[in-house]
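Asker: To be precise about what I am sending: the file is called entry.cif and holds mmCIF, C-alpha atoms and all ligand atoms.
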data_target
#
loop_
_atom_site.group_PDB
_atom_site.id
_atom_site.type_symbol
_atom_site.label_atom_id
_atom_site.label_comp_id
_atom_site.auth_asym_id
_atom_site.auth_seq_id
_atom_site.Cartn_x
_atom_site.Cartn_y
_atom_site.Cartn_z
ATOM 1 C CA MET A 1 230.966 -6.455 194.208
ATOM 2 C CA ASP A 2 230.484 -9.162 191.546
ATOM 3 C CA ASN A 3 232.735 -7.272 189.184
ATOM 4 C CA LEU A 4 235.323 -6.848 191.896
ATOM 5 C CA ASP A 5 235.199 -10.598 192.525
ATOM 6 C CA ARG A 6 235.821 -11.117 188.812
ATOM 7 C CA ALA A 7 238.967 -9.000 189.328
ATOM 8 C CA CYS A 8 238.050 -6.017 187.159
ATOM 9 C CA ASN A 9 240.235 -2.973 187.586
ATOM 10 C CA PRO A 10 238.353 -0.789 190.117
ATOM 11 C CA LEU A 11 239.205 2.394 188.257
ATOM 12 C CA ASP A 12 237.917 1.025 184.932
ATOM 13 C CA MET A 13 234.743 0.103 186.756
ATOM 14 C CA ALA A 14 234.394 3.594 188.207
ATOM 15 C CA ASN A 15 234.951 5.082 184.778
ATOM 16 C CA SER A 16 232.392 2.856 183.171
ATOM 17 C CA MET A 17 229.831 3.463 185.939
ATOM 18 C CA ALA A 18 230.350 7.196 185.513
ATOM 19 C CA GLY A 19 230.445 6.897 181.710
ATOM 20 C CA SER A 20 227.064 5.133 181.668
ATOM 21 C CA GLY A 21 225.622 8.457 182.798
ATOM 22 C CA GLN A 22 223.856 6.924 185.782
ATOM 23 C CA HIS A 23 226.422 7.990 188.367
ATOM 24 C CA SER A 24 228.863 10.834 188.812
ATOM 25 C CA MET A 25 232.521 9.821 189.053
ATOM 26 C CA ALA A 26 232.475 10.775 192.743
ATOM 27 C CA VAL A 27 229.504 8.513 193.479
ATOM 28 C CA ALA A 28 230.934 5.683 191.362
ATOM 29 C CA ARG A 29 234.292 5.781 193.091
ATOM 30 C CA ALA A 30 232.763 6.024 196.537
ATOM 31 C CA ALA A 31 230.722 2.883 195.775
ATOM 32 C CA ILE A 32 233.820 1.047 194.603
ATOM 33 C CA ASP A 33 235.881 2.197 197.587
ATOM 34 C CA GLU A 34 233.171 0.830 199.833
ATOM 35 C CA ALA A 35 233.098 -2.497 197.980
ATOM 36 C CA LEU A 36 236.893 -2.751 198.143
ATOM 37 C CA ALA A 37 236.830 -2.058 201.871
ATOM 38 C CA MET A 38 234.160 -4.729 202.363
ATOM 39 C CA ARG A 39 236.143 -7.214 200.319
ATOM 40 C CA ALA A 40 239.299 -6.421 202.280
ATOM 41 C CA GLY A 41 237.347 -7.041 205.479
ATOM 42 C CA ALA A 42 235.715 -10.290 204.345
ATOM 43 C CA GLY A 43 237.426 -13.351 205.702
ATOM 44 C CA ALA A 44 240.210 -11.323 207.253
ATOM 45 C CA ALA A 45 240.626 -9.987 210.723
ATOM 46 C CA ALA A 46 239.312 -6.426 211.023
ATOM 47 C CA PRO A 47 242.115 -4.071 210.010
ATOM 48 C CA GLN A 48 243.905 -2.514 212.953
ATOM 49 C CA ALA A 49 243.603 1.237 213.323
ATOM 50 C CA SER A 50 247.364 1.548 212.901
ATOM 51 C CA VAL A 51 247.433 -0.263 209.544
ATOM 52 C CA PHE A 52 247.512 2.240 206.708
ATOM 53 C CA VAL A 53 246.032 1.202 203.376
ATOM 54 C CA ALA A 54 246.828 3.459 200.423
ATOM 55 C CA PRO A 55 243.972 4.020 197.963
ATOM 56 C CA GLN A 56 244.141 1.822 194.862
ATOM 57 C CA GLN A 57 242.787 4.264 192.351
ATOM 58 C CA MET A 58 243.608 7.761 191.180
ATOM 59 C CA PRO A 59 243.213 11.038 193.001
ATOM 60 C CA TYR A 60 240.461 13.118 191.398
ATOM 61 C CA ILE A 61 238.797 16.486 191.616
ATOM 62 C CA ASP A 62 235.024 16.426 191.542
ATOM 63 C CA LEU A 63 233.979 18.396 188.476
ATOM 64 C CA GLU A 64 230.263 17.824 188.941
ATOM 65 C CA ARG A 65 229.781 21.528 189.719
ATOM 66 C CA ASN A 66 231.632 24.718 188.832
ATOM 67 C CA LEU A 67 232.567 25.206 192.476
ATOM 68 C CA VAL A 68 234.482 22.567 194.396
ATOM 69 C CA ALA A 69 234.098 22.536 198.138
ATOM 70 C CA ALA A 70 236.744 21.562 200.634
ATOM 71 C CA PRO A 71 235.600 21.551 204.280
ATOM 72 C CA ASP A 72 237.044 25.019 204.910
ATOM 73 C CA ARG A 73 236.972 26.762 201.512
ATOM 74 C CA VAL A 74 235.184 26.757 198.178
ATOM 75 C CA ALA A 75 237.368 26.846 195.057
ATOM 76 C CA GLU A 76 236.277 27.689 191.517
ATOM 77 C CA VAL A 77 236.831 25.526 188.466
ATOM 78 C CA LEU A 78 238.348 27.949 185.926
ATOM 79 C CA PHE A 79 239.702 25.672 183.219
ATOM 80 C CA VAL A 80 239.655 21.963 182.385
ATOM 81 C CA LEU A 81 241.591 20.018 179.780
ATOM 82 C CA LYS A 82 240.323 16.453 179.624
ATOM 83 C CA GLN A 83 243.275 14.563 178.130
ATOM 84 C CA PRO A 84 245.750 14.785 179.746
ATOM 85 C CA GLN A 85 243.772 16.070 182.671
ATOM 86 C CA ILE A 86 244.760 19.626 183.586
ATOM 87 C CA ILE A 87 242.540 21.714 185.864
ATOM 88 C CA LEU A 88 242.958 25.291 186.999
ATOM 89 C CA LEU A 89 241.232 26.100 190.278
ATOM 90 C CA GLY A 90 240.772 29.642 191.584
ATOM 91 C CA ASN A 91 240.437 30.763 195.189
ATOM 92 C CA VAL A 92 242.174 27.714 196.663
ATOM 93 C CA LEU A 93 244.193 29.884 199.072
ATOM 94 C CA SER A 94 243.485 33.305 200.531
ATOM 95 C CA ASP A 95 245.997 36.114 200.021
ATOM 96 C CA GLU A 96 246.796 35.883 203.759
ATOM 97 C CA GLU A 97 247.559 32.159 203.464
ATOM 98 C CA CYS A 98 249.873 32.767 200.493
ATOM 99 C CA ASP A 99 251.659 35.532 202.416
ATOM 100 C CA ALA A 100 251.920 33.380 205.557
ATOM 101 C CA ILE A 101 253.570 30.516 203.678
ATOM 102 C CA ILE A 102 256.015 32.862 201.995
ATOM 103 C CA ALA A 103 256.794 34.556 205.333
ATOM 104 C CA HIS A 104 257.300 31.164 206.993
ATOM 105 C CA CYS A 105 260.001 30.253 204.488
ATOM 106 C CA GLY A 106 261.709 33.620 204.937
ATOM 107 C CA THR A 107 265.200 33.386 203.503
ATOM 108 C CA ARG A 108 265.673 29.650 203.663
ATOM 109 C CA TYR A 109 265.854 29.208 199.879
ATOM 110 C CA THR A 110 268.760 27.471 198.199
ATOM 111 C CA ARG A 111 269.472 26.887 194.496
ATOM 112 C CA SER A 112 266.976 24.395 193.079
ATOM 113 C CA THR A 113 268.060 20.909 192.145
ATOM 114 C CA VAL A 114 266.767 18.063 190.000
ATOM 115 C CA THR A 115 266.941 14.304 190.590
ATOM 116 C CA GLY A 116 270.032 12.782 188.967
ATOM 117 C CA GLU A 117 269.195 10.123 186.362
ATOM 118 C CA ALA A 118 272.141 7.958 187.296
ATOM 119 C CA ASP A 119 272.158 7.818 191.095
ATOM 120 C CA GLY A 120 269.059 9.731 192.191
ATOM 121 C CA SER A 121 271.033 12.399 194.010
ATOM 122 C CA SER A 122 269.927 16.035 194.003
ATOM 123 C CA MET A 123 271.937 18.053 191.547
ATOM 124 C CA VAL A 124 272.024 21.620 190.305
ATOM 125 C CA HIS A 125 270.966 21.776 186.639
ATOM 126 C CA GLU A 126 271.085 24.603 184.114
ATOM 127 C CA GLY A 127 267.484 23.873 183.163
ATOM 128 C CA ARG A 128 266.228 24.770 186.660
ATOM 129 C CA THR A 129 267.543 28.140 187.773
ATOM 130 C CA SER A 130 265.020 28.954 190.518
ATOM 131 C CA GLU A 131 265.578 28.672 194.271
ATOM 132 C CA MET A 132 263.718 26.231 196.499
ATOM 133 C CA ALA A 133 262.648 25.666 200.081
ATOM 134 C CA PHE A 134 260.806 22.815 201.801
ATOM 135 C CA ILE A 135 258.200 22.905 204.528
ATOM 136 C CA ARG A 136 258.448 19.789 206.656
ATOM 137 C CA ARG A 137 255.247 18.169 207.813
ATOM 138 C CA GLY A 138 254.029 19.567 211.137
ATOM 139 C CA GLU A 139 256.202 22.639 210.852
ATOM 140 C CA ALA A 140 253.597 25.327 210.166
ATOM 141 C CA GLU A 141 249.881 25.404 210.957
ATOM 142 C CA VAL A 142 249.039 27.201 207.706
ATOM 143 C CA ALA A 143 250.795 24.524 205.652
ATOM 144 C CA GLU A 144 248.983 21.748 207.548
ATOM 145 C CA ARG A 145 245.650 23.446 206.919
ATOM 146 C CA ILE A 146 246.328 23.771 203.191
ATOM 147 C CA GLU A 147 247.599 20.213 203.009
ATOM 148 C CA ARG A 148 244.288 19.026 204.506
ATOM 149 C CA ARG A 149 242.393 21.188 202.015
ATOM 150 C CA LEU A 150 244.267 19.750 199.033
ATOM 151 C CA ALA A 151 243.774 16.213 200.358
ATOM 152 C CA ALA A 152 240.019 16.858 200.499
ATOM 153 C CA LEU A 153 239.928 18.417 197.008
ATOM 154 C CA ALA A 154 241.901 15.516 195.504
ATOM 155 C CA HIS A 155 240.262 12.722 197.530
ATOM 156 C CA TRP A 156 243.754 11.566 198.439
ATOM 157 C CA PRO A 157 245.321 11.180 201.899
ATOM 158 C CA ALA A 158 247.923 13.765 202.833
ATOM 159 C CA GLU A 159 250.194 10.899 203.969
ATOM 160 C CA CYS A 160 250.430 9.872 200.310
ATOM 161 C CA SER A 161 252.026 13.134 199.250
ATOM 162 C CA GLU A 162 255.364 14.869 199.428
ATOM 163 C CA PRO A 163 255.768 17.828 201.768
ATOM 164 C CA PHE A 164 255.383 21.267 200.161
ATOM 165 C CA GLN A 165 258.279 22.330 197.967
ATOM 166 C CA LEU A 166 258.445 26.059 197.286
ATOM 167 C CA GLN A 167 260.052 27.466 194.164
ATOM 168 C CA LYS A 168 261.052 31.111 193.862
ATOM 169 C CA TYR A 169 261.867 32.613 190.482
ATOM 170 C CA ASP A 170 263.287 36.099 190.035
ATOM 171 C CA ALA A 171 263.719 37.748 186.622
ATOM 172 C CA THR A 172 265.227 35.366 184.019
ATOM 173 C CA GLN A 173 264.825 32.294 186.230
ATOM 174 C CA GLU A 174 262.954 29.314 184.814
ATOM 175 C CA TYR A 175 262.383 25.572 184.896
ATOM 176 C CA ARG A 176 262.680 24.155 181.401
ATOM 177 C CA PRO A 177 260.190 21.518 180.217
ATOM 178 C CA HIS A 178 260.359 18.263 182.140
ATOM 179 C CA TYR A 179 258.142 15.564 183.565
ATOM 180 C CA ASP A 180 257.115 15.292 187.199
ATOM 181 C CA TRP A 181 256.627 11.500 187.004
ATOM 182 C CA LEU A 182 259.532 9.366 188.066
ATOM 183 C CA ASP A 183 261.010 7.279 185.293
ATOM 184 C CA PRO A 184 261.008 3.552 186.130
ATOM 185 C CA ASP A 185 263.708 3.089 183.465
ATOM 186 C CA SER A 186 266.109 5.481 185.185
ATOM 187 C CA SER A 187 268.233 3.920 187.914
ATOM 188 C CA GLY A 188 268.369 7.256 189.741
ATOM 189 C CA HIS A 189 264.598 7.540 189.863
ATOM 190 C CA ARG A 190 264.056 3.974 191.058
ATOM 191 C CA SER A 191 265.233 4.775 194.598
ATOM 192 C CA HIS A 192 262.681 7.599 194.718
ATOM 193 C CA LEU A 193 259.974 5.316 193.353
ATOM 194 C CA ALA A 194 260.733 2.875 196.142
ATOM 195 C CA ARG A 195 259.767 5.554 198.628
ATOM 196 C CA GLY A 196 256.054 6.232 198.098
ATOM 197 C CA GLY A 197 255.657 5.083 194.508
ATOM 198 C CA GLN A 198 254.829 7.144 191.450
ATOM 199 C CA ARG A 199 253.882 10.834 191.444
ATOM 200 C CA LEU A 200 250.320 10.423 190.238
ATOM 201 C CA ALA A 201 249.293 14.069 190.311
ATOM 202 C CA THR A 202 250.777 17.524 190.738
ATOM 203 C CA PHE A 203 249.331 20.570 192.475
ATOM 204 C CA ILE A 204 251.112 23.851 191.759
ATOM 205 C CA LEU A 205 249.921 26.563 194.139
ATOM 206 C CA TYR A 206 250.589 30.085 192.895
ATOM 207 C CA LEU A 207 251.561 32.121 195.937
ATOM 208 C CA SER A 208 252.310 35.381 194.132
ATOM 209 C CA ASP A 209 251.127 37.383 191.167
ATOM 210 C CA VAL A 210 253.827 37.948 188.562
ATOM 211 C CA GLU A 211 254.177 41.151 186.599
ATOM 212 C CA GLN A 212 255.486 39.606 183.368
ATOM 213 C CA GLY A 213 256.376 36.074 182.297
ATOM 214 C CA GLY A 214 256.534 33.025 184.549
ATOM 215 C CA GLY A 215 253.643 31.046 183.074
ATOM 216 C CA THR A 216 253.427 27.298 183.495
ATOM 217 C CA VAL A 217 253.806 25.998 179.950
ATOM 218 C CA PHE A 218 252.857 22.671 178.353
ATOM 219 C CA PRO A 219 254.779 22.874 175.057
ATOM 220 C CA GLY A 220 253.242 19.756 173.543
ATOM 221 C CA LEU A 221 249.746 21.085 174.172
ATOM 222 C CA GLY A 222 250.247 24.733 173.219
ATOM 223 C CA LEU A 223 249.055 25.719 176.671
ATOM 224 C CA GLU A 224 250.305 28.391 179.058
ATOM 225 C CA VAL A 225 248.775 29.030 182.478
ATOM 226 C CA TYR A 226 249.429 32.450 183.972
ATOM 227 C CA PRO A 227 250.293 32.620 187.667
ATOM 228 C CA LYS A 228 247.539 34.120 189.817
ATOM 229 C CA LYS A 229 247.971 34.384 193.553
ATOM 230 C CA GLY A 230 245.711 31.880 195.357
ATOM 231 C CA SER A 231 245.020 29.700 192.281
ATOM 232 C CA ALA A 232 246.105 26.088 191.960
ATOM 233 C CA LEU A 233 247.027 24.162 188.844
ATOM 234 C CA TRP A 234 246.390 20.434 188.923
ATOM 235 C CA PHE A 235 247.434 17.764 186.449
ATOM 236 C CA LEU A 236 247.559 13.984 186.337
ATOM 237 C CA ASN A 237 251.045 12.691 185.581
ATOM 238 C CA THR A 238 249.954 9.154 184.787
ATOM 239 C CA ASP A 239 247.139 7.270 183.162
ATOM 240 C CA ILE A 240 244.598 5.409 185.271
ATOM 241 C CA ASN A 241 246.951 2.429 185.504
ATOM 242 C CA HIS A 242 249.618 4.650 187.067
ATOM 243 C CA GLN A 243 251.778 4.607 183.911
ATOM 244 C CA PRO A 244 253.691 7.833 183.050
ATOM 245 C CA ASP A 245 251.904 10.132 180.602
ATOM 246 C CA LYS A 246 254.325 11.769 178.167
ATOM 247 C CA ARG A 247 251.779 14.426 177.253
ATOM 248 C CA THR A 248 252.417 16.077 180.629
ATOM 249 C CA LEU A 249 255.681 17.717 179.556
ATOM 250 C CA HIS A 250 255.643 21.140 181.246
ATOM 251 C CA GLY A 251 257.885 23.876 182.575
ATOM 252 C CA GLY A 252 258.048 27.255 184.232
ATOM 253 C CA ALA A 253 258.679 29.968 181.607
ATOM 254 C CA PRO A 254 261.306 32.579 182.514
ATOM 255 C CA VAL A 255 260.062 35.368 184.729
ATOM 256 C CA VAL A 256 260.540 38.675 182.921
ATOM 257 C CA SER A 257 259.709 41.016 185.782
ATOM 258 C CA GLY A 258 258.463 40.483 189.311
ATOM 259 C CA THR A 259 258.919 37.420 191.508
ATOM 260 C CA LYS A 260 257.080 34.149 191.091
ATOM 261 C CA ILE A 261 256.648 31.903 194.122
ATOM 262 C CA ILE A 262 254.846 28.580 193.887
ATOM 263 C CA ALA A 263 254.365 25.624 196.203
ATOM 264 C CA ASN A 264 254.448 22.158 194.648
ATOM 265 C CA LYS A 265 252.573 19.241 196.156
ATOM 266 C CA TRP A 266 253.069 15.839 194.535
ATOM 267 C CA LEU A 267 250.552 13.099 195.214
ATOM 268 C CA ARG A 268 252.141 9.670 195.467
ATOM 269 C CA GLN A 269 250.765 6.185 194.971
ATOM 270 C CA GLY A 270 251.575 5.168 198.522
ATOM 271 C CA ARG A 271 252.546 6.595 201.838
ATOM 272 C CA TYR A 272 255.468 8.994 201.644
ATOM 273 C CA GLY A 273 257.502 9.232 204.807
HETATM 274 O O1 LIG A 301 257.168 26.990 187.737
HETATM 275 C C1 LIG A 301 256.248 26.374 187.219
HETATM 276 O O2 LIG A 301 255.231 26.950 186.799
HETATM 277 C C2 LIG A 301 256.350 24.885 187.073
HETATM 278 C C3 LIG A 301 257.187 24.256 188.152
HETATM 279 C C4 LIG A 301 257.393 22.804 187.964
HETATM 280 O O3 LIG A 301 256.976 22.245 186.990
HETATM 281 C C5 LIG A 301 258.108 22.012 188.993
HETATM 282 O O4 LIG A 301 258.629 22.600 189.940
HETATM 283 O O5 LIG A 301 258.142 20.769 188.853
HETATM 284 FE FE FE A 302 257.151 20.115 187.165
#
Here is the file; what I need is its structure written in the form of structure tokens.
Ligand SMILES: O=C(O)CCC(=O)C(=O)O
Ligand SMILES: [Fe+2]

Answerer:
Amino acid sequence: MDNLDRACNPLDMANSMAGSGQHSMAVARAAIDEALAMRAGAGAAAPQASVFVAPQQMPYIDLERNLVAAPDRVAEVLFVLKQPQIILLGNVLSDEECDAIIAHCGTRYTRSTVTGEADGSSMVHEGRTSEMAFIRRGEAEVAERIERRLAALAHWPAECSEPFQLQKYDATQEYRPHYDWLDPDSSGHRSHLARGGQRLATFILYLSDVEQGGGTVFPGLGLEVYPKKGSALWFLNTDINHQPDKRTLHGGAPVVSGTKIIANKWLRQGRYG
């Protein structure tokens, strides 16, 4: 509390508490969340139930153990890169859940788009040749359940995330290397930033196995993650001060044979509505 009163950055404090070895990151952040909530309450009227306060820090996955538990499922930590943070989790979805999401989207796919740099509009781009479909919030029970699971795994409210975006790649289709963070220097991205803030973290849910090709590649890191049905890839798009991290350049390599279907979930700084 004293440090908070001296206006230290809460995330730096959590990192240093955890770094001192006395506390896990989860315990450190919980303590700081509690102190922030107390400070917000002190001297002010009790917050109304309808007032939504976005978390101030970063979403995080608790890596204390090799298994990470959400209330309704236990996932496995399969791979961790520390800087930039990239985590591969296995067993996040059951095969039935993957199939149910794919079935829900049926044939509603349309050619994928990217956000125009100039005006922020959605435009077809030769670098993204897949097809996409969205699942609106409240539309499918299975999507709601998985959204709650991801929110628990990432310690981040579902309200502060974009609805699921599915991407379907058939043979030859790809998404060339790009960033998921929105560029504050691009006028087109600024309108998207105004709605929910920066994309702090990405979850890519692999909904299908792919016979050949279709890895998620990080060219600057020499890393390729192979799609595996039910696994989820997580990475932080920004540093702890919410500034874009250029090391997160990534793409979807061309599918050679089979069909790759993923669901993207982007975690925002604030409420996305
Ligand atoms: O297809 C992939 O593995 C990556 C997809 C991606 O980066 C995106 O949709 O933003
Ligand atoms: Fe991406």

Asker: Kindly assemble as a tab-separated table a list of the chain A residues that lie within 7 Å of ligand FE 302 (chain A), each paired with its nearest atom pair and their distance in Å to one decimal, using all atoms listed in the file, sorted first by chain and then by ascending residue number.

Answerer:
residue	atom	partner	partner_atom	distance
A:His178	CA	A:FE302	FE	6.2
A:Tyr179	CA	A:FE302	FE	5.9
A:Asp180	CA	A:FE302	FE	4.8
A:His250	CA	A:FE302	FE	6.2
A:Gly251	CA	A:FE302	FE	6.0

Asker: Show me which residues sit within 7 Å of ligand LIG 301 (chain A) when counting all atoms listed in the file, and put them as number ranges by chain.

Answerer: A: 167, 174-175, 180, 214-216, 250-253, 262, 264

Asker: What's around region 54-68 of chain A at 7 Å? Count all atoms listed in the file, leave out sequence neighbours fewer than 2 positions away in its own chain, and write the answer as a PyMOL selection string.

Answerer: chain A and resi 11+26+52+70+74-77+153-156+240+270-271

Asker: Just how far from CA of Arg176 (chain A) is CA of Leu249 (chain A), in Å to one decimal?

Answerer: 9.7 Å

Asker: Work out how far CA of Leu207 (chain A) is from CA of Lys260 (chain A), in Å to one decimal.

Answerer: 7.6 Å

Asker: Which residue, A:Ser94, A:Pro157, A:Lys265, A:Arg108, has the smallest gap to Val142 (chain A) when you use all atoms listed in the file?

Answerer: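 Using all atoms listed in the file, Val142 (chain A) sits closest to A:Ser94.
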
Asker: Kindly resolve the PyMOL selection byres (((chain A and resi 118) around 9) and not hetatm) on the present coordinates and return the residues as a list of chain:residue names.

Answerer: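 After applying the PyMOL selection byres (((chain A and resi 118) around 9) and not hetatm), what remains is A:Thr115, A:Gly116, A:Glu117, A:Asp119, A:Gly120, A:Ser121, A:Ser186, A:Ser187, A:Gly188, A:His189.
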
Asker: Which polymer residues, whether protein, DNA or RNA, lie within 9 Å of the coordinate (254.8, 22.2, 200.2) when you count all atoms listed in the file? List them as a list in words, using the chain letters and numbers from the file.

Answerer: Ala133, Phe134, Ile135, Arg136, Arg137, Ala143, Glu147, Glu162, Pro163, Phe164, Gln165, Leu166, Leu205, Ile262, Ala263, Asn264, Lys265 and Trp266 of chain A
